[in-house]
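Chemist: Starting off with a structure, shown below.
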Amino acid sequence: MFMIILLLLFYFLFPLVIIYLCKKWSVLARIGTIVLAYAFGLVIGTSGILPDGSKEYKFFRQGRTSGIPDEEMVILVSSGKVTEQDLQVNRIAGMQDMVETITILLAFPLIMFSLNIKRWLKYARKGFLSVALALISGIVMVTAGFFIWKDSFPDTWKLAGMFEGIYTGGTPNFAALKLALGVDADRFVVLNTYDIIVGAFLVLFFISVAPRLFRLFLPKFTEKDGISLDSGIISEESENLEDFSGMFSKSNFVPLLKALGLTILIAGIGGGIGQLIPKEQQQFQMAVVVLTITTLGILASLIRPVNRINKTFQLGMYLILVFSLTVATSSNLRTVFSPGMLDLILFITWCYFGSLILHIILAKIFRIDADNFLITSAAFVFSPPFVPLVANALKNKDVIVTGITGGVIGYVLGNYFGTTLAYLLKGF
């Protein structure tokens, strides 16, 4: 019990240390809090600090995303099939699963609260074609990848759904889909680690070579292709997701507590609806819960007093940090980068670069200009906070609204698209 309490304190307090370190040292801020949370978690998960279960325990836990039920563990221990130490390992696994579930159910509504969806949908028309082409590209290439690699590793349909979610939305959608689809920690970490590595190279590419390269063969941007909007509004909406300052100030803390209370209510409603799922359809339970809280979070964001609460996005991202740290400590680098993961990495590579290449081809066919193509791709691959960075590299602030609009649409649609695609592919 002592170790479980210690781990709980670590999971919820260490992200504050990571945030402080990023604020103090700019080099760590460039790496990002989520990357650091995964890095620290993987070191702990691989080092052997946490107790490791016996081979027999791992055998009985195979195929489960959380610990073995207590009643079953008692029978296994009494029959001598697993050891007493395995009981502690199983309790830790159960606690980790509980933390992952709670943090995601609370985080996603908070992230939705801050999105001014009504405003950005007003401007969706100008960039809608590029956004639609990006969505189509992701669906087509992820689906093609599923059929190529579906027999190479188990539950390819789950990974296809998760990748569609992260390509459409971002890290919050990715984490929510892990819960909705019941993906094990090792695969989740592989996919997220690869996404971080590729993402770092793509950011450099987008802000250096990409503007000149794509302007060579895509139509040139003209003023009618852009949307001008007050720079203060743009700055407010694209606030850096790593900016956690001011969360504990008097003006922000009490409203944030109210927002947290609302997200607890939303999570409770989602959980209650999930309990209504018939026993024979239990595999859909978490998907229903995640989609319910997503929908309620979107509806709550349309309520002006809720939408105007400062730092709800950052509070949601803090919970994503807790989730990231927890899931990484339950994984092991030796498993993550084992030879058996090669097919999984090939599948991810196909989805990532295939979607981008198909988007380029479609942009050429439908005469999307280079600047709108790049800003839309940046919004989908990296999320809205990176849009101003790419717009600066393009030296074109008139595409920022299109980029942020695409990113907001991605956040909203990511869970729906990922879950739907996963269950459509499950039947094949």
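Each chain in the structure tokens gets a letter, A, B, ..., in the order shown, and its residues are numbered from 1; ligands are numbered from 1 in order too.
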Residues of range 391-418 of chain A within 12 Å of range 180-195 of chain A: nearest atom pair and distance (Å, one decimal) for each, counting only C-alpha atoms, sorted by chain and number, as CSV?
Modeler:
residue,atom,partner,partner_atom,distance
A:Asn415,CA,A:Ala180,CA,8.8
A:Tyr416,CA,A:Ala180,CA,10.6
A:Gly418,CA,A:Leu181,CA,9.3
Chemist: Please provide the set of residues having any atom within 12 Å of Leu9 in chain A, restricted to only C-alpha atoms, with same-chain residues fewer than 6 positions apart removed, written as a list in words.
Modeler: Phe2, Met3, Pro15, Leu16, Val99, Val322 and Thr326 of chain A
Chemist: Rounded to one decimal, what separation in Å do you get between CA of Phe323 in chain A and CA of Ala175 in chain A?
Modeler: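 Calculated distance between CA of Phe323 in chain A and CA of Ala175 in chain A is 8.0 Å.
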Chemist: I'd like the interatomic distance between CA of Leu129 in chain A and CA of Gly354 in chain A, to a tenth of an Å.
Modeler: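 That distance, rounded to one decimal, is 19.0 Å.
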Chemist: At what distance in Å, to one decimal, does CA of Gly407 in chain A lie from CA of Gly170 in chain A?
Modeler: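 Pair CA of Gly170 in chain A / CA of Gly407 in chain A returns 8.7 Å.
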Chemist: Residues near Phe147 in chain A, anyone? I mean within 12 Å using only C-alpha atoms, not counting same-chain ones fewer than 2 positions away, as a VMD selection string.
Modeler: chain A and resid 140 to 145 149 to 153 156 to 157 160 347 350 to 351 425 to 428
Chemist: Can you tell me, as a PDB file with C-alpha atoms, in the first residue's frame, what residues are no more than 12 Å from range 48-57 of chain A when counting only C-alpha atoms, ignoring any on the same chain fewer than 2 positions away?
Modeler:
ATOM      1  CA  MET A   3       4.371   1.967  -2.650  1.00  0.00           C
ATOM      2  CA  ILE A   4       1.004   2.646  -4.308  1.00  0.00           C
ATOM      3  CA  LEU A   6       4.106   6.911  -3.151  1.00  0.00           C
ATOM      4  CA  LEU A   7       3.500   6.244  -6.852  1.00  0.00           C
ATOM      5  CA  GLY A  41       8.485   7.496 -17.286  1.00  0.00           C
ATOM      6  CA  LEU A  42      10.337   5.183 -19.675  1.00  0.00           C
ATOM      7  CA  VAL A  43      13.516   5.438 -17.589  1.00  0.00           C
ATOM      8  CA  ILE A  44      11.564   4.346 -14.506  1.00  0.00           C
ATOM      9  CA  GLY A  45       9.666   1.624 -16.366  1.00  0.00           C
ATOM     10  CA  THR A  46      12.865   0.179 -17.866  1.00  0.00           C
ATOM     11  CA  PHE A  59       1.213 -15.134 -19.061  1.00  0.00           C
ATOM     12  CA  PHE A  60      -2.114 -14.811 -17.218  1.00  0.00           C
ATOM     13  CA  ARG A  61      -2.177 -11.042 -17.809  1.00  0.00           C
ATOM     14  CA  GLN A  62      -1.564 -11.386 -21.558  1.00  0.00           C
ATOM     15  CA  ARG A  64      -5.339  -7.376 -20.707  1.00  0.00           C
ATOM     16  CA  GLY A  67      -4.498  -5.681 -13.896  1.00  0.00           C
ATOM     17  CA  ILE A  68      -6.116  -9.073 -13.257  1.00  0.00           C
ATOM     18  CA  GLU A  72      -8.968 -14.174  -9.979  1.00  0.00           C
ATOM     19  CA  MET A  73      -5.612 -13.229  -8.410  1.00  0.00           C
ATOM     20  CA  LEU A  76      -4.128 -17.964  -8.836  1.00  0.00           C
ATOM     21  CA  VAL A  77      -2.054 -17.306  -5.685  1.00  0.00           C
ATOM     22  CA  GLY A  80       0.411 -21.614  -6.593  1.00  0.00           C
ATOM     23  CA  LYS A  81       0.208 -20.442 -10.205  1.00  0.00           C
ATOM     24  CA  VAL A  82       1.518 -16.966  -9.334  1.00  0.00           C
ATOM     25  CA  THR A  83       3.564 -15.626  -6.407  1.00  0.00           C
ATOM     26  CA  GLU A  84       2.687 -13.338  -3.494  1.00  0.00           C
ATOM     27  CA  GLN A  85       4.877 -10.610  -5.075  1.00  0.00           C
ATOM     28  CA  ASP A  86       2.651 -10.770  -8.126  1.00  0.00           C
ATOM     29  CA  LEU A  87      -0.191  -9.471  -5.933  1.00  0.00           C
ATOM     30  CA  GLN A  88       1.743  -6.217  -5.405  1.00  0.00           C
ATOM     31  CA  VAL A  89       2.577  -5.998  -9.113  1.00  0.00           C
ATOM     32  CA  ASN A  90      -1.091  -6.498  -9.955  1.00  0.00           C
ATOM     33  CA  ARG A  91      -2.230  -3.815  -7.486  1.00  0.00           C
ATOM     34  CA  ILE A  92       0.194  -1.350  -9.055  1.00  0.00           C
ATOM     35  CA  ALA A  93      -1.100  -2.248 -12.538  1.00  0.00           C
ATOM     36  CA  THR A 329       6.244   3.906 -16.310  1.00  0.00           C
ATOM     37  CA  SER A 330       4.112   0.850 -17.104  1.00  0.00           C
ATOM     38  CA  SER A 331       6.108   0.232 -20.294  1.00  0.00           C
ATOM     39  CA  ASN A 332       9.614  -1.058 -20.931  1.00  0.00           C
ATOM     40  CA  LEU A 333      12.083   0.137 -23.589  1.00  0.00           C
ATOM     41  CA  ARG A 334      13.329  -3.424 -24.122  1.00  0.00           C
TER      42      ARG A 334
END
Chemist: In terms of the shortest atom-to-atom distance over only C-alpha atoms, which of A:Asp70, A:Glu164, A:Asp343, A:Asp155 is closest to Ser355 in chain A?
Modeler: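 Smallest separation from Ser355 in chain A among the options: A:Glu164.
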Chemist: So which residues of range 11-229 of chain A fall under helix (DSSP H, G or I) by DSSP, listed as JSON, numbers by chain?
Modeler: {"A": [11, 12, 13, 14, 15, 16, 17, 18, 19, 20, 21, 22, 23, 24, 26, 27, 28, 29, 30, 31, 33, 34, 35, 36, 37, 38, 39, 40, 41, 42, 43, 44, 45, 46, 47, 55, 56, 57, 58, 59, 60, 61, 70, 71, 72, 73, 74, 75, 76, 77, 78, 84, 85, 86, 87, 88, 89, 90, 91, 92, 93, 94, 95, 96, 97, 98, 99, 100, 101, 102, 103, 104, 105, 106, 107, 108, 109, 110, 111, 112, 113, 117, 118, 119, 120, 121, 122, 124, 125, 126, 127, 128, 129, 130, 131, 132, 133, 134, 135, 136, 137, 138, 139, 140, 141, 142, 143, 144, 145, 146, 147, 148, 149, 156, 157, 158, 159, 160, 161, 162, 163, 164, 165, 166, 167, 168, 171, 172, 173, 174, 175, 176, 177, 178, 179, 180, 181, 185, 186, 187, 188, 189, 190, 191, 192, 193, 194, 195, 196, 197, 198, 199, 200, 201, 202, 203, 204, 205, 206, 207, 210, 211, 212, 213, 214, 215, 223, 224, 225]}
Chemist: Between A:Arg215, A:Lys118, A:Lys364, A:Lys178, which is the closest to Leu105 in chain A once you count only C-alpha atoms?
Modeler: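 Residue with the minimum atom-to-atom distance to Leu105 in chain A: A:Lys178.
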Chemist: Neighbours of Ile19 in chain A within 10 Å (only C-alpha atoms; same-chain residues fewer than 3 positions away dropped), as a list in words?
Modeler: Phe14, Pro15, Leu16, Cys22, Lys23, Lys24, Leu28, Ala29, Gly32, Thr33, Ile34, Leu36, Ala37, Glu242, Asp243, Phe244, Ser245, Tyr318 and Leu321 of chain A
Chemist: Please produce an output containing N, CA, C and O atoms for each residue in the selection, written as a JSON list (two decimals), in the first residue's frame.
Modeler:
[["chain", "number", "residue", "atom", "x", "y", "z"],
["A", 14, "PHE", "N", 5.06, 15.03, -9.85],
["A", 14, "PHE", "CA", 6.26, 15.18, -10.68],
["A", 14, "PHE", "C", 6.01, 16.01, -11.94],
["A", 14, "PHE", "O", 6.90, 16.73, -12.39],
["A", 15, "PRO", "N", 4.81, 15.95, -12.57],
["A", 15, "PRO", "CA", 4.56, 16.85, -13.69],
["A", 15, "PRO", "C", 4.76, 18.32, -13.35],
["A", 15, "PRO", "O", 5.15, 19.11, -14.21],
["A", 16, "LEU", "N", 4.50, 18.70, -12.07],
["A", 16, "LEU", "CA", 4.75, 20.08, -11.65],
["A", 16, "LEU", "C", 6.24, 20.39, -11.70],
["A", 16, "LEU", "O", 6.66, 21.50, -12.05],
["A", 22, "CYS", "N", 10.91, 23.23, -17.27],
["A", 22, "CYS", "CA", 10.73, 23.82, -18.61],
["A", 22, "CYS", "C", 10.66, 25.34, -18.55],
["A", 22, "CYS", "O", 11.10, 26.03, -19.47],
["A", 23, "LYS", "N", 10.09, 25.85, -17.47],
["A", 23, "LYS", "CA", 10.01, 27.30, -17.31],
["A", 23, "LYS", "C", 11.38, 27.89, -16.98],
["A", 23, "LYS", "O", 11.72, 29.01, -17.40],
["A", 24, "LYS", "N", 12.20, 27.13, -16.26],
["A", 24, "LYS", "CA", 13.51, 27.62, -15.83],
["A", 24, "LYS", "C", 14.56, 27.52, -16.93],
["A", 24, "LYS", "O", 15.40, 28.41, -17.08],
["A", 28, "LEU", "N", 14.90, 22.85, -22.24],
["A", 28, "LEU", "CA", 13.90, 21.84, -21.89],
["A", 28, "LEU", "C", 12.53, 22.25, -22.41],
["A", 28, "LEU", "O", 11.73, 21.40, -22.81],
["A", 29, "ALA", "N", 12.26, 23.57, -22.41],
["A", 29, "ALA", "CA", 10.98, 24.06, -22.93],
["A", 29, "ALA", "C", 10.85, 23.71, -24.41],
["A", 29, "ALA", "O", 9.75, 23.42, -24.89],
["A", 32, "GLY", "N", 9.79, 20.11, -24.68],
["A", 32, "GLY", "CA", 8.36, 19.99, -24.38],
["A", 32, "GLY", "C", 8.07, 19.13, -23.17],
["A", 32, "GLY", "O", 8.77, 18.15, -22.89],
["A", 33, "THR", "N", 7.03, 19.50, -22.43],
["A", 33, "THR", "CA", 6.69, 18.79, -21.19],
["A", 33, "THR", "C", 6.23, 17.36, -21.44],
["A", 33, "THR", "O", 6.57, 16.45, -20.67],
["A", 34, "ILE", "N", 5.47, 17.13, -22.49],
["A", 34, "ILE", "CA", 4.96, 15.78, -22.76],
["A", 34, "ILE", "C", 6.11, 14.83, -23.10],
["A", 34, "ILE", "O", 6.15, 13.69, -22.62],
["A", 36, "LEU", "N", 9.20, 15.10, -22.15],
["A", 36, "LEU", "CA", 9.96, 14.86, -20.91],
["A", 36, "LEU", "C", 9.22, 13.89, -19.99],
["A", 36, "LEU", "O", 9.84, 13.04, -19.35],
["A", 37, "ALA", "N", 7.89, 14.00, -19.94],
["A", 37, "ALA", "CA", 7.11, 13.07, -19.11],
["A", 37, "ALA", "C", 7.29, 11.64, -19.60],
["A", 37, "ALA", "O", 7.49, 10.71, -18.80],
["A", 242, "GLU", "N", 2.14, 24.92, -23.67],
["A", 242, "GLU", "CA", 3.13, 24.71, -22.61],
["A", 242, "GLU", "C", 3.12, 25.84, -21.59],
["A", 242, "GLU", "O", 3.89, 25.81, -20.62],
["A", 243, "ASP", "N", 2.29, 26.88, -21.79],
["A", 243, "ASP", "CA", 2.27, 28.02, -20.89],
["A", 243, "ASP", "C", 1.34, 27.77, -19.71],
["A", 243, "ASP", "O", 0.14, 28.03, -19.79],
["A", 244, "PHE", "N", 1.90, 27.26, -18.62],
["A", 244, "PHE", "CA", 1.11, 26.93, -17.43],
["A", 244, "PHE", "C", 1.12, 28.05, -16.40],
["A", 244, "PHE", "O", 0.57, 27.90, -15.31],
["A", 245, "SER", "N", 1.77, 29.17, -16.70],
["A", 245, "SER", "CA", 1.90, 30.27, -15.74],
["A", 245, "SER", "C", 0.53, 30.86, -15.41],
["A", 245, "SER", "O", -0.35, 30.94, -16.27],
["A", 318, "TYR", "N", -2.17, 19.42, -18.22],
["A", 318, "TYR", "CA", -1.50, 18.92, -17.01],
["A", 318, "TYR", "C", -1.94, 17.49, -16.73],
["A", 318, "TYR", "O", -1.12, 16.61, -16.42],
["A", 321, "LEU", "N", -0.28, 15.21, -18.97],
["A", 321, "LEU", "CA", 1.08, 14.94, -18.48],
["A", 321, "LEU", "C", 1.08, 13.81, -17.45],
["A", 321, "LEU", "O", 1.95, 12.93, -17.48]]
Chemist: With only C-alpha atoms as the atoms that count, which of A:Ile400, A:Val35, A:Leu389, A:Leu346 lies nearest to Ser324 in chain A?
Modeler: A:Val35
Chemist: Which residue is closest to Leu135 in chain A? Choose from A:Ile266, A:Ile293, A:Leu204, A:Ile166 and count only C-alpha atoms.
Modeler: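 Checking each of A:Ile266, A:Ile293, A:Leu204, A:Ile166 against Leu135 in chain A, counting only C-alpha atoms, the winner is A:Ile166.
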